[in-house]
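Engineer: File name start35.cif; file contents mmCIF, C-alpha atoms and all ligand atoms; full text below.
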```cif
data_query
loop_
_atom_site.group_PDB
_atom_site.id
_atom_site.type_symbol
_atom_site.label_atom_id
_atom_site.label_comp_id
_atom_site.auth_asym_id
_atom_site.auth_seq_id
_atom_site.Cartn_x
_atom_site.Cartn_y
_atom_site.Cartn_z
ATOM 1 C CA MET A 86 121.823 2.833 28.773
ATOM 2 C CA GLU A 87 120.026 4.722 31.511
ATOM 3 C CA VAL A 88 122.130 6.242 34.303
ATOM 4 C CA THR A 89 121.828 5.432 37.997
ATOM 5 C CA ILE A 90 120.558 8.015 40.460
ATOM 6 C CA LEU A 91 124.076 8.468 41.836
ATOM 7 C CA GLU A 92 125.584 8.979 38.360
ATOM 8 C CA ALA A 93 122.833 11.466 37.478
ATOM 9 C CA ILE A 94 123.461 13.430 40.690
ATOM 10 C CA ARG A 95 127.231 13.517 40.155
ATOM 11 C CA LYS A 96 127.147 14.533 36.486
ATOM 12 C CA SER A 97 124.402 17.134 36.915
ATOM 13 C CA ALA A 98 126.009 18.661 39.999
ATOM 14 C CA GLU A 99 129.339 18.913 38.187
ATOM 15 C CA PHE A 100 127.626 20.665 35.271
ATOM 16 C CA LEU A 101 125.865 23.141 37.568
ATOM 17 C CA GLU A 102 129.036 23.826 39.528
ATOM 18 C CA GLY A 103 130.702 24.798 36.251
ATOM 19 C CA LYS A 104 127.885 27.263 35.650
ATOM 20 C CA GLY A 105 128.452 28.980 39.001
ATOM 21 C CA VAL A 106 125.344 27.592 40.689
ATOM 22 C CA GLU A 107 125.575 27.423 44.480
ATOM 23 C CA THR A 108 124.906 24.154 46.359
ATOM 24 C CA PRO A 109 124.715 22.228 43.055
ATOM 25 C CA ARG A 110 124.289 18.763 44.536
ATOM 26 C CA LEU A 111 121.439 19.834 46.787
ATOM 27 C CA GLN A 112 119.733 21.467 43.818
ATOM 28 C CA VAL A 113 119.928 18.270 41.757
ATOM 29 C CA GLU A 114 118.649 16.200 44.651
ATOM 30 C CA MET A 115 115.673 18.546 45.010
ATOM 31 C CA MET A 116 114.931 18.161 41.292
ATOM 32 C CA LEU A 117 115.079 14.375 41.579
ATOM 33 C CA GLU A 118 112.904 14.469 44.666
ATOM 34 C CA ARG A 119 110.196 16.101 42.547
ATOM 35 C CA ILE A 120 110.764 13.984 39.415
ATOM 36 C CA LEU A 121 110.803 10.685 41.312
ATOM 37 C CA LYS A 122 108.091 11.816 43.771
ATOM 38 C CA GLN A 123 110.206 10.550 46.670
ATOM 39 C CA PRO A 124 111.570 12.303 49.758
ATOM 40 C CA ARG A 125 115.147 13.415 49.136
ATOM 41 C CA LEU A 126 116.641 11.174 51.824
ATOM 42 C CA GLN A 127 115.023 8.164 50.146
ATOM 43 C CA LEU A 128 117.301 8.804 47.151
ATOM 44 C CA TYR A 129 120.262 7.861 49.319
ATOM 45 C CA LEU A 130 118.870 4.361 49.702
ATOM 46 C CA GLN A 131 118.444 3.946 45.953
ATOM 47 C CA PHE A 132 121.674 5.292 44.486
ATOM 48 C CA GLU A 133 122.057 2.287 42.172
ATOM 49 C CA THR A 134 118.494 2.444 40.817
ATOM 50 C CA ARG A 135 118.431 3.468 37.143
ATOM 51 C CA LEU A 136 116.370 6.423 35.966
ATOM 52 C CA THR A 137 113.859 5.757 33.203
ATOM 53 C CA GLU A 138 114.383 7.575 29.924
ATOM 54 C CA ILE A 139 111.563 9.994 30.741
ATOM 55 C CA GLN A 140 113.005 10.752 34.195
ATOM 56 C CA GLU A 141 116.450 11.292 32.725
ATOM 57 C CA ASN A 142 115.057 13.667 30.076
ATOM 58 C CA ASP A 143 113.058 15.601 32.670
ATOM 59 C CA LEU A 144 116.173 15.973 34.824
ATOM 60 C CA ARG A 145 118.313 17.021 31.864
ATOM 61 C CA THR A 146 115.795 19.728 30.862
ATOM 62 C CA TRP A 147 115.752 21.157 34.393
ATOM 63 C CA VAL A 148 119.527 20.978 34.808
ATOM 64 C CA ILE A 149 120.049 22.863 31.534
ATOM 65 C CA ARG A 150 117.558 25.551 32.576
ATOM 66 C CA ARG A 151 119.141 25.782 36.035
ATOM 67 C CA GLY A 152 122.557 26.069 34.363
ATOM 68 C CA LYS A 153 121.197 29.181 32.624
ATOM 69 C CA ARG A 154 120.562 30.444 36.155
ATOM 70 C CA GLU A 155 116.804 30.059 36.173
ATOM 71 C CA PRO A 156 115.855 29.723 39.884
ATOM 72 C CA LEU A 157 115.107 26.210 41.109
ATOM 73 C CA GLN A 158 111.843 27.528 42.572
ATOM 74 C CA HIS A 159 110.647 28.509 39.087
ATOM 75 C CA LEU A 160 111.405 25.027 37.790
ATOM 76 C CA LEU A 161 109.534 23.391 40.665
ATOM 77 C CA GLY A 162 106.752 26.007 40.523
ATOM 78 C CA ASP A 163 106.324 26.349 44.261
ATOM 79 C CA VAL A 164 108.051 26.872 47.610
ATOM 80 C CA SER A 165 107.196 26.133 51.193
ATOM 81 C CA PHE A 166 106.787 29.299 53.293
ATOM 82 C CA CYS A 167 106.402 28.692 57.027
ATOM 83 C CA GLY A 168 105.248 25.214 55.984
ATOM 84 C CA HIS A 169 102.537 26.471 53.600
ATOM 85 C CA PRO A 170 102.629 25.821 49.845
ATOM 86 C CA ILE A 171 103.141 28.975 47.762
ATOM 87 C CA GLN A 172 103.105 28.895 43.955
ATOM 88 C CA VAL A 173 105.705 31.088 42.301
ATOM 89 C CA ASN A 174 106.446 32.297 38.794
ATOM 90 C CA PRO A 175 108.369 35.204 37.237
ATOM 91 C CA GLY A 176 105.496 37.577 38.128
ATOM 92 C CA VAL A 177 106.218 37.428 41.882
ATOM 93 C CA LEU A 178 109.219 37.639 44.167
ATOM 94 C CA ILE A 179 110.300 34.173 45.309
ATOM 95 C CA PRO A 180 109.626 34.259 49.067
ATOM 96 C CA ARG A 181 112.885 34.341 51.041
ATOM 97 C CA PRO A 182 113.569 32.351 54.229
ATOM 98 C CA GLU A 183 114.277 35.559 56.200
ATOM 99 C CA SER A 184 110.739 36.793 55.486
ATOM 100 C CA GLU A 185 109.501 33.814 57.510
ATOM 101 C CA ILE A 186 110.901 35.652 60.556
ATOM 102 C CA LEU A 187 108.675 38.638 59.755
ATOM 103 C CA ALA A 188 105.616 36.372 59.440
ATOM 104 C CA GLU A 189 106.417 34.543 62.669
ATOM 105 C CA THR A 190 107.077 37.771 64.577
ATOM 106 C CA ALA A 191 103.745 39.127 63.337
ATOM 107 C CA TRP A 192 101.639 36.122 64.312
ATOM 108 C CA ASN A 193 103.362 35.764 67.703
ATOM 109 C CA TYR A 194 102.638 39.427 68.407
ATOM 110 C CA LEU A 195 98.974 39.034 67.418
ATOM 111 C CA ILE A 196 98.525 35.914 69.527
ATOM 112 C CA ARG A 197 100.231 37.485 72.554
ATOM 113 C CA GLU A 198 98.587 40.884 72.460
ATOM 114 C CA PHE A 199 95.113 40.151 71.200
ATOM 115 C CA GLN A 200 94.205 36.686 72.438
ATOM 116 C CA GLU A 201 91.233 38.137 74.327
ATOM 117 C CA SER A 202 89.991 40.139 71.338
ATOM 118 C CA PHE A 203 86.443 39.374 70.266
ATOM 119 C CA ASP A 204 86.373 41.403 67.040
ATOM 120 C CA PRO A 205 88.476 40.128 64.159
ATOM 121 C CA LEU A 206 91.864 41.843 64.004
ATOM 122 C CA GLN A 207 92.602 43.786 60.842
ATOM 123 C CA ILE A 208 96.008 43.271 59.253
ATOM 124 C CA LEU A 209 97.475 44.978 56.181
ATOM 125 C CA ASP A 210 100.139 43.252 54.080
ATOM 126 C CA PHE A 211 101.690 46.025 51.989
ATOM 127 C CA GLY A 212 103.268 44.626 48.781
ATOM 128 C CA THR A 213 101.917 41.109 49.149
ATOM 129 C CA GLY A 214 103.545 39.575 46.044
ATOM 130 C CA SER A 215 102.813 35.830 46.158
ATOM 131 C CA GLY A 216 100.699 36.408 49.280
ATOM 132 C CA CYS A 217 103.158 34.456 51.434
ATOM 133 C CA LEU A 218 103.154 36.780 54.480
ATOM 134 C CA ALA A 219 99.371 37.212 54.482
ATOM 135 C CA ILE A 220 98.860 33.453 54.171
ATOM 136 C CA ALA A 221 101.339 32.503 56.908
ATOM 137 C CA ILE A 222 99.881 35.089 59.312
ATOM 138 C CA ALA A 223 96.276 34.071 58.625
ATOM 139 C CA GLN A 224 97.084 30.349 58.957
ATOM 140 C CA ASN A 225 98.708 30.877 62.350
ATOM 141 C CA THR A 226 96.131 33.153 63.939
ATOM 142 C CA GLY A 227 92.430 32.551 64.344
ATOM 143 C CA ASN A 228 90.574 35.799 64.531
ATOM 144 C CA VAL A 229 92.294 37.775 61.795
ATOM 145 C CA GLN A 230 91.231 39.402 58.518
ATOM 146 C CA VAL A 231 94.048 40.369 56.165
ATOM 147 C CA THR A 232 93.982 43.013 53.462
ATOM 148 C CA ALA A 233 96.804 42.308 51.044
ATOM 149 C CA LEU A 234 97.690 45.003 48.530
ATOM 150 C CA ASP A 235 100.029 45.133 45.586
ATOM 151 C CA ALA A 236 100.516 47.392 42.587
ATOM 152 C CA SER A 237 101.240 44.428 40.300
ATOM 153 C CA LYS A 238 98.336 42.689 38.543
ATOM 154 C CA LYS A 239 100.526 39.643 37.873
ATOM 155 C CA ALA A 240 101.419 39.360 41.556
ATOM 156 C CA LEU A 241 97.779 39.657 42.591
ATOM 157 C CA LYS A 242 96.779 36.891 40.174
ATOM 158 C CA THR A 243 99.363 34.560 41.731
ATOM 159 C CA ALA A 244 98.380 35.648 45.239
ATOM 160 C CA GLU A 245 94.773 34.757 44.379
ATOM 161 C CA GLN A 246 95.828 31.261 43.270
ATOM 162 C CA ASN A 247 97.729 30.893 46.532
ATOM 163 C CA LEU A 248 94.718 31.942 48.604
ATOM 164 C CA ILE A 249 92.673 29.252 46.847
ATOM 165 C CA LEU A 250 95.453 26.694 47.332
ATOM 166 C CA ASN A 251 95.565 27.490 51.060
ATOM 167 C CA ASP A 252 91.783 27.794 51.446
ATOM 168 C CA LEU A 253 91.958 31.393 52.664
ATOM 169 C CA THR A 254 89.809 33.332 50.192
ATOM 170 C CA ASP A 255 87.369 34.275 52.961
ATOM 171 C CA ARG A 256 90.046 35.659 55.312
ATOM 172 C CA ILE A 257 92.356 37.543 52.937
ATOM 173 C CA LYS A 258 91.158 40.319 50.660
ATOM 174 C CA LEU A 259 93.369 41.303 47.721
ATOM 175 C CA ILE A 260 93.477 44.904 46.535
ATOM 176 C CA GLU A 261 95.241 46.373 43.538
ATOM 177 C CA SER A 262 96.775 49.539 44.904
ATOM 178 C CA HIS A 263 99.726 51.771 44.213
ATOM 179 C CA ALA A 264 101.026 52.294 47.760
ATOM 180 C CA PHE A 265 98.031 53.242 49.952
ATOM 181 C CA ASP A 266 96.118 54.927 47.105
ATOM 182 C CA SER A 267 93.208 52.472 46.723
ATOM 183 C CA LEU A 268 92.631 51.915 50.422
ATOM 184 C CA ASN A 269 89.467 53.341 51.882
ATOM 185 C CA GLY A 270 90.485 56.448 53.883
ATOM 186 C CA ASN A 271 88.676 55.035 56.918
ATOM 187 C CA SER A 272 90.522 51.703 56.919
ATOM 188 C CA ARG A 273 92.348 51.113 60.199
ATOM 189 C CA PHE A 274 94.636 48.163 60.898
ATOM 190 C CA ASP A 275 95.967 46.641 64.106
ATOM 191 C CA LEU A 276 99.137 45.657 62.300
ATOM 192 C CA ILE A 277 100.786 46.667 59.038
ATOM 193 C CA VAL A 278 103.454 44.277 57.774
ATOM 194 C CA SER A 279 105.618 44.811 54.747
ATOM 195 C CA ASN A 280 108.577 43.372 52.959
ATOM 196 C CA PRO A 281 108.886 46.237 50.489
ATOM 197 C CA PRO A 282 111.298 46.542 47.548
ATOM 198 C CA TYR A 283 114.553 47.710 49.155
ATOM 199 C CA ILE A 284 117.452 47.291 46.732
ATOM 200 C CA PRO A 285 119.031 50.605 45.668
ATOM 201 C CA SER A 286 118.412 50.915 41.877
ATOM 202 C CA HIS A 287 122.119 51.103 41.013
ATOM 203 C CA GLU A 288 122.828 47.805 42.829
ATOM 204 C CA ILE A 289 120.346 45.761 40.788
ATOM 205 C CA PRO A 290 122.756 45.067 37.874
ATOM 206 C CA ASN A 291 125.207 43.500 40.396
ATOM 207 C CA LEU A 292 122.747 40.972 41.801
ATOM 208 C CA GLU A 293 122.989 37.242 41.016
ATOM 209 C CA PRO A 294 121.335 36.341 37.668
ATOM 210 C CA GLU A 295 118.637 34.324 39.486
ATOM 211 C CA VAL A 296 117.470 37.541 41.154
ATOM 212 C CA ARG A 297 118.323 40.206 38.571
ATOM 213 C CA LEU A 298 116.806 38.320 35.612
ATOM 214 C CA HIS A 299 114.003 36.334 37.233
ATOM 215 C CA ASP A 300 112.511 38.287 40.151
ATOM 216 C CA PRO A 301 110.286 41.184 38.992
ATOM 217 C CA ILE A 302 112.229 44.474 39.078
ATOM 218 C CA SER A 303 109.232 46.156 40.715
ATOM 219 C CA ALA A 304 109.666 43.766 43.670
ATOM 220 C CA LEU A 305 113.330 44.706 44.087
ATOM 221 C CA ASP A 306 113.781 48.366 43.235
ATOM 222 C CA GLY A 307 113.624 50.603 46.288
ATOM 223 C CA GLY A 308 114.700 53.768 44.461
ATOM 224 C CA SER A 309 118.055 55.532 44.377
ATOM 225 C CA ASP A 310 118.957 54.786 48.016
ATOM 226 C CA GLY A 311 116.682 51.742 48.441
ATOM 227 C CA LEU A 312 114.583 53.576 51.020
ATOM 228 C CA ASP A 313 111.644 54.938 48.976
ATOM 229 C CA PHE A 314 109.131 52.510 50.453
ATOM 230 C CA TYR A 315 110.179 53.163 54.060
ATOM 231 C CA ARG A 316 109.358 56.836 53.483
ATOM 232 C CA ILE A 317 106.006 55.856 51.957
ATOM 233 C CA LEU A 318 105.240 53.423 54.791
ATOM 234 C CA ALA A 319 106.376 55.823 57.531
ATOM 235 C CA SER A 320 104.105 58.599 56.292
ATOM 236 C CA GLY A 321 101.177 56.556 54.924
ATOM 237 C CA SER A 322 100.814 53.984 57.717
ATOM 238 C CA THR A 323 100.066 56.600 60.351
ATOM 239 C CA LYS A 324 96.550 57.270 59.127
ATOM 240 C CA HIS A 325 95.795 53.574 58.546
ATOM 241 C CA LEU A 326 96.758 52.206 61.963
ATOM 242 C CA THR A 327 94.610 51.997 65.057
ATOM 243 C CA GLU A 328 95.903 54.047 67.954
ATOM 244 C CA GLU A 329 97.880 51.095 69.327
ATOM 245 C CA GLY A 330 98.710 49.729 65.902
ATOM 246 C CA ILE A 331 102.143 48.397 65.004
ATOM 247 C CA LEU A 332 104.251 48.632 61.876
ATOM 248 C CA MET A 333 106.638 45.733 61.076
ATOM 249 C CA MET A 334 108.952 45.890 58.078
ATOM 250 C CA GLU A 335 111.764 43.831 56.603
ATOM 251 C CA PHE A 336 114.787 45.749 55.281
ATOM 252 C CA GLY A 337 118.118 45.169 53.509
ATOM 253 C CA ASP A 338 121.668 44.925 54.841
ATOM 254 C CA GLY A 339 122.852 48.065 56.631
ATOM 255 C CA GLN A 340 119.628 50.056 56.174
ATOM 256 C CA GLU A 341 118.517 50.079 59.813
ATOM 257 C CA LEU A 342 119.938 53.435 60.915
ATOM 258 C CA ASP A 343 118.493 55.269 57.911
ATOM 259 C CA ILE A 344 115.111 53.655 58.486
ATOM 260 C CA VAL A 345 115.161 54.580 62.186
ATOM 261 C CA GLU A 346 115.808 58.171 61.132
ATOM 262 C CA ILE A 347 112.956 58.111 58.597
ATOM 263 C CA LEU A 348 110.562 56.668 61.182
ATOM 264 C CA GLN A 349 111.553 59.127 63.895
ATOM 265 C CA SER A 350 111.105 62.053 61.528
ATOM 266 C CA GLU A 351 107.489 60.879 61.071
ATOM 267 C CA ASN A 352 106.946 60.595 64.850
ATOM 268 C CA TRP A 353 107.294 56.855 65.229
ATOM 269 C CA ILE A 354 108.918 55.135 68.190
ATOM 270 C CA VAL A 355 111.167 52.297 67.108
ATOM 271 C CA ASP A 356 110.501 49.488 69.511
ATOM 272 C CA ASN A 357 112.749 46.736 68.297
ATOM 273 C CA ILE A 358 115.063 45.575 65.547
ATOM 274 C CA LEU A 359 115.301 41.804 65.060
ATOM 275 C CA ASN A 360 118.081 39.832 63.415
ATOM 276 C CA ASP A 361 117.774 37.204 60.718
ATOM 277 C CA TYR A 362 119.194 33.656 60.676
ATOM 278 C CA THR A 363 122.654 35.035 59.833
ATOM 279 C CA ASP A 364 122.462 37.419 62.787
ATOM 280 C CA ARG A 365 122.072 40.520 60.642
ATOM 281 C CA PRO A 366 119.456 43.180 61.488
ATOM 282 C CA ARG A 367 116.444 42.446 59.254
ATOM 283 C CA ILE A 368 113.104 43.398 60.848
ATOM 284 C CA ILE A 369 112.103 46.733 62.364
ATOM 285 C CA ILE A 370 109.095 47.217 64.618
ATOM 286 C CA ALA A 371 107.624 50.636 65.302
ATOM 287 C CA LYS A 372 104.596 52.132 66.971
ATOM 288 C CA ARG A 373 103.022 55.539 66.916
ATOM 289 C CA MET A 374 104.178 58.016 69.569
ATOM 290 C CA CYS A 375 100.871 57.895 71.391
ATOM 291 C CA GLY A 376 100.616 54.060 71.209
ATOM 292 C CA SER A 377 101.197 51.800 74.188
ATOM 293 C CA ALA A 378 101.248 48.276 72.756
ATOM 294 C CA MET A 379 103.742 45.705 74.009
ATOM 295 C CA ILE A 380 106.327 44.680 71.458
ATOM 296 C CA PRO A 381 108.216 41.385 71.424
ATOM 297 C CA ASP A 382 111.729 42.007 72.758
ATOM 298 C CA SER A 383 113.638 39.105 71.290
ATOM 299 C CA ASN A 384 113.978 37.091 68.124
ATOM 300 C CA PRO A 385 111.325 34.392 67.662
HETATM 301 C C1 LIG B 1 109.931 42.499 48.000
HETATM 302 S S1 LIG B 1 108.396 42.096 47.263
HETATM 303 C C2 LIG B 1 107.616 41.278 48.627
HETATM 304 C C3 LIG B 1 106.631 40.230 48.237
HETATM 305 C C4 LIG B 1 106.136 39.370 49.415
HETATM 306 N N1 LIG B 1 105.478 40.172 50.417
HETATM 307 C C5 LIG B 1 107.290 38.613 50.051
HETATM 308 O O1 LIG B 1 107.668 38.931 51.197
HETATM 309 O O2 LIG B 1 107.823 37.692 49.415
HETATM 310 C C6 LIG B 1 107.618 43.689 47.218
HETATM 311 C C7 LIG B 1 106.231 43.738 46.595
HETATM 312 O O3 LIG B 1 105.845 45.121 46.574
HETATM 313 C C8 LIG B 1 105.114 45.357 45.380
HETATM 314 N N2 LIG B 1 105.157 46.776 45.054
HETATM 315 C C9 LIG B 1 106.141 47.455 44.396
HETATM 316 N N3 LIG B 1 105.815 48.749 44.273
HETATM 317 C C10 LIG B 1 104.595 48.894 44.855
HETATM 318 C C11 LIG B 1 103.729 50.001 45.051
HETATM 319 N N4 LIG B 1 104.048 51.232 44.619
HETATM 320 N N5 LIG B 1 102.565 49.793 45.682
HETATM 321 C C12 LIG B 1 102.223 48.559 46.120
HETATM 322 N N6 LIG B 1 103.002 47.478 45.971
HETATM 323 C C13 LIG B 1 104.180 47.637 45.353
HETATM 324 C C14 LIG B 1 105.788 44.479 44.344
HETATM 325 O O4 LIG B 1 104.921 44.225 43.263
HETATM 326 C C15 LIG B 1 106.135 43.243 45.158
HETATM 327 O O5 LIG B 1 105.132 42.272 45.058
#
```
What do you get writing this file as structure tokens?
Ligand SMILES: C[S@@+](CC[C@H](N)C(=O)[O-])C[C@H]1O[C@@H](n2cnc3c(N)ncnc32)[C@H](O)[C@@H]1O
Structural biologist:
Amino acid sequence: MEVTILEAIRKSAEFLEGKGVETPRLQVEMMLERILKQPRLQLYLQFETRLTEIQENDLRTWVIRRGKREPLQHLLGDVSFCGHPIQVNPGVLIPRPESEILAETAWNYLIREFQESFDPLQILDFGTGSGCLAIAIAQNTGNVQVTALDASKKALKTAEQNLILNDLTDRIKLIESHAFDSLNGNSRFDLIVSNPPYIPSHEIPNLEPEVRLHDPISALDGGSDGLDFYRILASGSTKHLTEEGILMMEFGDGQELDIVEILQSENWIVDNILNDYTDRPRIIIAKRMCGSAMIPDSNP
């Protein structure tokens, strides 16, 4: 006999807990939300409703896969990033909530500093992955053209699907590029944003299975000390920014002092470091020595 929603939640959550999955009950509820095509809170009003055989089978399949530590986002196939739908698969990094702070800081800066601008602003998203940052920035600012580069063909294919999904193919240009290599030498941007790979190579085997086995290694690996891409961005961004251009980057736990040092050695002024939702330093904002742009001075 088919199980009720409440029984399905309890049994599945217990199974996932045994497999070391965090927030197991929430995860099951999110699966049921998708399977039953109902908002999650609605489930609470229908605990005694029985699942059909098909629904029960669908849930079982997902719970087994999740128990093998496949990320929930890969099962669902998409995430919401700053409220915008982003498709995900093993070819792209699953967008993280803390990267929403980078997107929000970027669009607030653009709105505040350039609201009078007549010409479209030029933004570069370095290492675009799913395209989440480029999409969120473009959706929240009017007069902006984004160039979004990535070295990964798989990532660019997914980013393209996401541009179509969000109706932004005319405002975001995708470029396959290893670092800055394929950019036109004359390209100048008002803002360069990046959430680059920043995990030190030797730490990757210690990450949770969801990350270590299911996010692309090329989206994680920041080299022996995790800082390779900050060196690349600190040296390469200089010739691709306008005179008052700004560089905004996300970074990993405890990397801020090293990154400040890297930036200063390449003649950048660090204007601000913003914290994430857990109050840890996460975003660094820098400008060129000769620049004079105003930088936001507090978390969004
Ligand atoms: C941490 S992920 C960020 C993805 C996305 N921007 C986000 O915030 O979710 C870093 C991205 O950098 C890309 N990447 C890695 N090495 C690169 C390189 N040498 N040149 C350009 N992109 C690179 C990866 O393919 C990956 O998509």
Engineer: Excluding Ala240 (chain A) and its own-chain neighbours fewer than 4 positions away, which residues fall within 8 Å of it when counting all atoms listed in the file? Please give them as a PyMOL selection string.
Structural biologist: chain A and resi 176-177+213-215+235+244
Engineer: Which residue out of A:Ile94, A:Ile302, A:Ile257, A:Leu250 has the minimum interatomic distance to ligand LIG 1 (chain B) when all atoms listed in the file are used?
Structural biologist: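 Result for the nearest residue to ligand LIG 1 (chain B): A:Ile302.
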Engineer: I'd like to know which of A:Val278, A:Glu328, A:Phe100, A:Gly270 is closest to Thr190 (chain A), using only C-alpha atoms.
Structural biologist: A:Val278
Engineer: Could you spell out the hits of the PyMOL selection byres (((chain A and resi 212) around 10) and not hetatm) on the shown file, as number ranges by chain?
Structural biologist: A: 209-211, 213-216, 218, 233-237, 240-241, 261-264, 278-282, 304, 314
Engineer: Tell me, as a VMD selection string, which residues lie within 9 Å of Arg151 (chain A), counting all atoms listed in the file; anything in the same chain fewer than 5 positions away does not count.
Structural biologist: chain A and resid 101 104 106 112 146 156 to 157 160
Engineer: May I ask which of the residues A:Gln230, A:Asn360, A:Thr243, A:Asn251 is the closest one to ligand LIG 1 (chain B), counting all atoms listed in the file?
Structural biologist: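 Of all the options, A:Thr243 lies closest to ligand LIG 1 (chain B).
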Engineer: Calculate, to one decimal in Å, the centre and edge lengths of the box along x, y and z of the file that holds all listed atoms of ligand LIG 1 (chain B) with 5 Å of margin on each side, and present them as lines of an AutoDock Vina configuration file.
Structural biologist:
```
center_x = 106.1
center_y = 44.5
center_z = 47.2
size_x = 17.7
size_y = 23.5
size_z = 17.9
```
Engineer: One decimal, Å: what's the distance from CA of Ala93 (chain A) over to CA of Arg145 (chain A), could you say?
Structural biologist: 9.1 Å
Engineer: Between A:Asp313, A:Asp143, A:Glu138, A:Asp163, which one has atoms that come closest to ligand LIG 1 (chain B), using all atoms listed in the file?
Structural biologist: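 For ligand LIG 1 (chain B), the nearest of the candidates is A:Asp313.
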Engineer: Give me, please, the distance in Å between CA of Asn228 (chain A) and CA of Met334 (chain A), quoted to one decimal.
Structural biologist: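 CA of Asn228 (chain A) sits 21.9 Å away from CA of Met334 (chain A).
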Engineer: Do you know which residues the PyMOL selection byres (((chain A and resi 90) around 12) and not hetatm) returns on this file, as a ChimeraX atom specification?
Structural biologist: /A:87-89,91-98,113-114,116-118,120-121,125,127-137,140-141,144
Engineer: Hey, which of A:Ser286, A:Ser202, A:Ser320, A:Ser272 ends up closest to Ser350 (chain A)? Count only C-alpha atoms.
Structural biologist: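 The shortest atom-to-atom distance to Ser350 (chain A) comes from A:Ser320.
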Engineer: From the list A:Leu326, A:Leu298, A:Val173, A:Ala371, which residue is nearest Ile354 (chain A) when using all atoms listed in the file?
Structural biologist: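 So, comparing all the options, the nearest one is A:Ala371.
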Engineer: Rounded to one decimal place, report the atom C15 of ligand LIG 1 (chain B)-CA of Met374 (chain A) distance in Å.
Structural biologist: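 That distance, rounded to one decimal, is 28.6 Å.
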Engineer: Since I can't run it myself right now, could you work out what the PyMOL selection byres (((chain A and resi 181) around 12) and not hetatm) selects here and report it as a PyMOL selection string?
Structural biologist: chain A and resi 158+164-167+171+173+177-180+182-188+214-215+217-218+280+296+300+335+361-362
Engineer: Near Asp306 (chain A), within 8 Å and counting all atoms listed in the file, which residues show up once chain neighbours fewer than 5 positions away are dropped, as a list of chain:residue names?
Structural biologist: A:Pro282, A:Tyr283, A:Ile284, A:Pro285, A:Ser286, A:Ile289, A:Gly311
Engineer: Name the residues within 9 Å of (104.5, 53.3, 57.0), counting only C-alpha atoms in the file's coordinates, and put them as an MDAnalysis selection string.
Structural biologist: chainID A and resid 277 279 314:323 325 332:334 348
Engineer: Just the residues within 9 Å of Asn193 (chain A), please, counting all atoms listed in the file, with nothing from its chain fewer than 3 positions along; format it as a list in words.
Structural biologist: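 Non-adjacent residues within range: Ala188, Glu189, Thr190, Ile196, Arg197, Glu198, Asn225, Thr226, Pro381 and Pro385 of chain A.
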